[in-house]
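Participant: There's a structure below that I have some questions on.
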Amino acid sequence: MKLYHATTRANLASILEHGLRVVKADPTAKIKGVWACTASNRGWAILHTQRKHKALLEDVVVIEINVPKNQLTRFKRGFFYSKTDIGAERVNTVIPGEHFGRSLSE
């Protein structure tokens with residue numbers, strides 16, 4: 001299943017080397033897992049990442065991942081999570097946040 005994960009550029013090198021790891025999930029989150037969304041929800045994911053990390057659009061990237069459906073749990077329409085790590089080999093493409101729009105700082 002092709003999904004997308006928004007994160008900051010600061011996390012990108014680690015993700016490309018080790019994949020998306022559950023241990024890096026927010027410790028205060030009710031559901032601890034690796035979160036991903038469908039293409040139609042990438043805008044929301046970018047805004048969520050910007051707010052959570054107080055990041056500019058230029059500091060956000062969207063990672064396209066290919067994950068087996070049986071590894072995912074549907075949270076609500078267009079949002080999924082995995083309670084297991086998603087390996088680096090599942091990363092297909094990295095898209096800069098600016099690709100999706102202008103920064104609020106402009």
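Letters A, B, ... mark the chains of the structure tokens in the order given; residue numbers begin at 1 per chain; ligand numbers begin at 1, in order shown.
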Which residues of stretch 15-35 of chain A come within 10 Å of stretch 70-76 of chain A, and what is each one's closest atom pair and distance in Å (one decimal), counting only C-alpha atoms, sorted by chain and residue number, as JSON lines?

Facilitator:
```
{"residue": "A:Ile31", "atom": "CA", "partner": "A:Phe75", "partner_atom": "CA", "distance": 9.8}
{"residue": "A:Gly33", "atom": "CA", "partner": "A:Leu72", "partner_atom": "CA", "distance": 9.9}
{"residue": "A:Val34", "atom": "CA", "partner": "A:Leu72", "partner_atom": "CA", "distance": 9.3}
{"residue": "A:Trp35", "atom": "CA", "partner": "A:Leu72", "partner_atom": "CA", "distance": 9.3}
```

Participant: Write down as a list of chain:residue names the residues belonging to stretch 4-75 of chain A that are assigned alpha helix (DSSP H) by DSSP computed on the backbone.

Facilitator: A:Arg9, A:Ala10, A:Asn11, A:Leu12, A:Ala13, A:Ser14, A:Ile15, A:Leu16, A:Glu17, A:His18, A:Arg42, A:Gly43, A:Trp44, A:Ala45, A:Ile46, A:Leu47, A:His48, A:Thr49, A:Gln50, A:Arg51, A:Lys52, A:His53

Participant: Taking only C-alpha atoms into account, which of A:Asp85, A:Glu64, A:Asp26, A:Asp59 comes nearest A:Asn11?

Facilitator: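 Using only C-alpha atoms, the shortest distance to A:Asn11 belongs to A:Asp59.
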
Participant: Of the candidates A:Val67, A:Phe80, A:Asn41, A:Lys54, which one gets nearest to A:Phe100 if we count only C-alpha atoms?

Facilitator: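 Closest to A:Phe100, using only C-alpha atoms: A:Asn41.
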
Participant: What's the 6 Å shell around stretch 14-20 of chain A, counting only C-alpha atoms, without same-chain residues fewer than 6 positions away, as a VMD selection string?

Facilitator: chain A and resid 85 to 88

Participant: Which is closest to A:Gly97 among A:Arg9, A:Lys30, A:Lys2, A:Lys52, if we use only C-alpha atoms?

Facilitator: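 Of all the options, A:Arg9 lies closest to A:Gly97.
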